[in-house]
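Some notes on the structure that comes next.
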Amino acid sequence: MKVKIKRLDKSIPLPIYQTKGSVGFDISAREDTIVPPKSVGIIPGNIIVETPPGYMLLLALRSSTPRKKGLHKPHGIGVIDNDYRGEKDEIGIQVFNSTDSEVKVEKGERIGQGIFVKVDKFEWDEVEQMGESRGGFGSTG
């Protein structure tokens, strides 16, 4: 499947899947970005993506980012809806700097990854009572 993509800075390569088995493509920083200690920052990802209908684009950090940089996703993941695709809709990687020092992300550095996920929409069937409980929060094993 082909997906429309626009790079804002053409000196930074298009995102690629690093291996044949990769499910996520790497997203690189468009510019040097400083994230102050104990703060949330947004790293511009240099791309606008036209996510196909029936899909969402899930954003995550690269697995090495927390260890190498001390940066974490403040909410775990990012969700890009398929209508976030306009000329001003650059993908941004939101991060939390958990360190006591500022962290610099350099232009062109691979900081996040994107994963296309097929999604469906559902209708609600409101009921007055649900079935029996299977246990408490996190208690299945």
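Letters A, B, ... mark the chains of the structure tokens in the order given; residue numbers begin at 1 per chain; ligand numbers begin at 1, in order shown.
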10 Å contact set for Arg62 in chain A, only C-alpha atoms, chain neighbours under 6 positions out, as a list in words: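 The neighbour list is Gly24, Phe25, Asp26, Ile27, His72, Arg110, Ile111, Gly112, Gln113 and Gly114 of chain A.
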Selected residues written out with C-alpha atoms, as a short mmCIF file (atom, residue, chain, number, x, y, z; two decimals), in the first residue's frame:
data_model
loop_
_atom_site.label_atom_id
_atom_site.label_comp_id
_atom_site.auth_asym_id
_atom_site.auth_seq_id
_atom_site.Cartn_x
_atom_site.Cartn_y
_atom_site.Cartn_z
CA GLY A 24 7.73 0.51 12.74
CA PHE A 25 9.47 3.10 10.58
CA ASP A 26 11.90 5.52 12.19
CA ILE A 27 11.02 9.22 12.53
CA HIS A 72 9.97 8.93 27.75
CA ARG A 110 16.08 9.00 14.81
CA ILE A 111 13.94 9.61 17.86
CA GLY A 112 10.59 7.88 17.34
CA GLN A 113 8.82 5.34 15.24
CA GLY A 114 5.49 5.10 13.51
#
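Residues of range 8-87 of chain A that DSSP places in strand (DSSP E or B), based on the backbone of this structure, are Phe25, Asp26, Ile27, Ser28, Thr33, Ile34, Val35, Val40, Gly41, Ile42, Ile43, Pro44, Ile47, Ile48, Val49, Tyr55, Met56, Leu57, Leu58, Leu59, Ala60, Leu61, Leu71, His72, Gly78, Val79 and Ile80 of chain A.
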Next, the residues of the selection above should be written as a short mmCIF file (atom, residue, chain, number, x, y, z; two decimals), in the first residue's frame with N, CA and C atoms.
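This is the output file out-v7.cif:
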data_model
loop_
_atom_site.label_atom_id
_atom_site.label_comp_id
_atom_site.auth_asym_id
_atom_site.auth_seq_id
_atom_site.Cartn_x
_atom_site.Cartn_y
_atom_site.Cartn_z
N PHE A 25 8.48 2.34 11.34
CA PHE A 25 9.47 3.10 10.58
C PHE A 25 9.99 4.22 11.48
N ASP A 26 11.28 4.52 11.33
CA ASP A 26 11.90 5.52 12.19
C ASP A 26 11.52 6.94 11.76
N ILE A 27 11.33 7.81 12.75
CA ILE A 27 11.02 9.22 12.53
C ILE A 27 12.19 10.02 13.08
N SER A 28 12.69 10.95 12.26
CA SER A 28 13.87 11.74 12.62
C SER A 28 13.49 13.18 12.97
N THR A 33 16.60 20.16 19.08
CA THR A 33 15.58 20.47 20.07
C THR A 33 16.16 20.22 21.46
N ILE A 34 16.01 21.21 22.34
CA ILE A 34 16.42 21.07 23.74
C ILE A 34 15.17 20.82 24.57
N VAL A 35 15.22 19.76 25.39
CA VAL A 35 14.11 19.46 26.30
C VAL A 35 14.64 19.71 27.71
N VAL A 40 8.11 18.47 29.57
CA VAL A 40 7.59 17.87 28.36
C VAL A 40 7.99 18.75 27.18
N GLY A 41 8.44 18.12 26.11
CA GLY A 41 8.79 18.84 24.89
C GLY A 41 8.23 18.11 23.69
N ILE A 42 8.19 18.81 22.56
CA ILE A 42 7.75 18.19 21.31
C ILE A 42 8.87 18.32 20.30
N ILE A 43 9.28 17.20 19.75
CA ILE A 43 10.33 17.16 18.75
C ILE A 43 9.67 17.10 17.38
N PRO A 44 9.89 18.11 16.53
CA PRO A 44 9.27 18.08 15.20
C PRO A 44 9.81 16.91 14.38
N ILE A 47 7.70 15.22 9.06
CA ILE A 47 6.82 14.61 8.06
C ILE A 47 5.36 14.94 8.33
N ILE A 48 4.60 15.01 7.26
CA ILE A 48 3.15 15.04 7.28
C ILE A 48 2.72 13.78 6.54
N VAL A 49 1.86 12.99 7.16
CA VAL A 49 1.48 11.69 6.62
C VAL A 49 -0.03 11.65 6.39
N TYR A 55 -7.23 3.21 9.13
CA TYR A 55 -5.97 3.04 9.86
C TYR A 55 -5.75 4.24 10.77
N MET A 56 -4.92 4.05 11.77
CA MET A 56 -4.37 5.13 12.57
C MET A 56 -2.86 4.98 12.51
N LEU A 57 -2.17 6.04 12.82
CA LEU A 57 -0.71 5.99 12.92
C LEU A 57 -0.36 6.09 14.39
N LEU A 58 0.23 5.03 14.91
CA LEU A 58 0.64 4.99 16.30
C LEU A 58 2.08 5.47 16.39
N LEU A 59 2.36 6.38 17.31
CA LEU A 59 3.71 6.89 17.52
C LEU A 59 4.27 6.35 18.82
N ALA A 60 5.50 5.93 18.78
CA ALA A 60 6.21 5.45 19.97
C ALA A 60 7.65 5.94 19.89
N LEU A 61 8.33 5.90 21.01
CA LEU A 61 9.76 6.18 20.98
C LEU A 61 10.50 4.95 20.48
N LEU A 71 14.59 10.19 27.84
CA LEU A 71 13.32 10.71 27.36
C LEU A 71 12.29 9.59 27.31
N HIS A 72 11.07 9.90 27.72
CA HIS A 72 9.97 8.93 27.75
C HIS A 72 8.74 9.57 27.12
N GLY A 78 1.46 7.81 21.07
CA GLY A 78 0.77 8.90 20.40
C GLY A 78 -0.15 8.32 19.35
N VAL A 79 -1.31 8.91 19.18
CA VAL A 79 -2.27 8.45 18.19
C VAL A 79 -2.50 9.55 17.18
N ILE A 80 -2.24 9.25 15.90
CA ILE A 80 -2.48 10.18 14.82
C ILE A 80 -3.69 9.70 14.04
#
Let's see if you can do this: from backbone DSSP, list all helix (DSSP H, G or I) residues in chain A, as an MDAnalysis selection string. chainID A and resid 65:69
Do you know which residues are at most 10 Å from Lys38 in chain A counting only C-alpha atoms, after dropping those on the same chain fewer than 5 positions away, and could you put them as a list in words?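 Returned residues: Leu71, Phe96, Asn97, Ser98, Thr99, Asp100, Ser101 and Glu102 of chain A.
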CA of Glu90 in chain A and CA of Lys107 in chain A, how far apart in Å? 15.1 Å
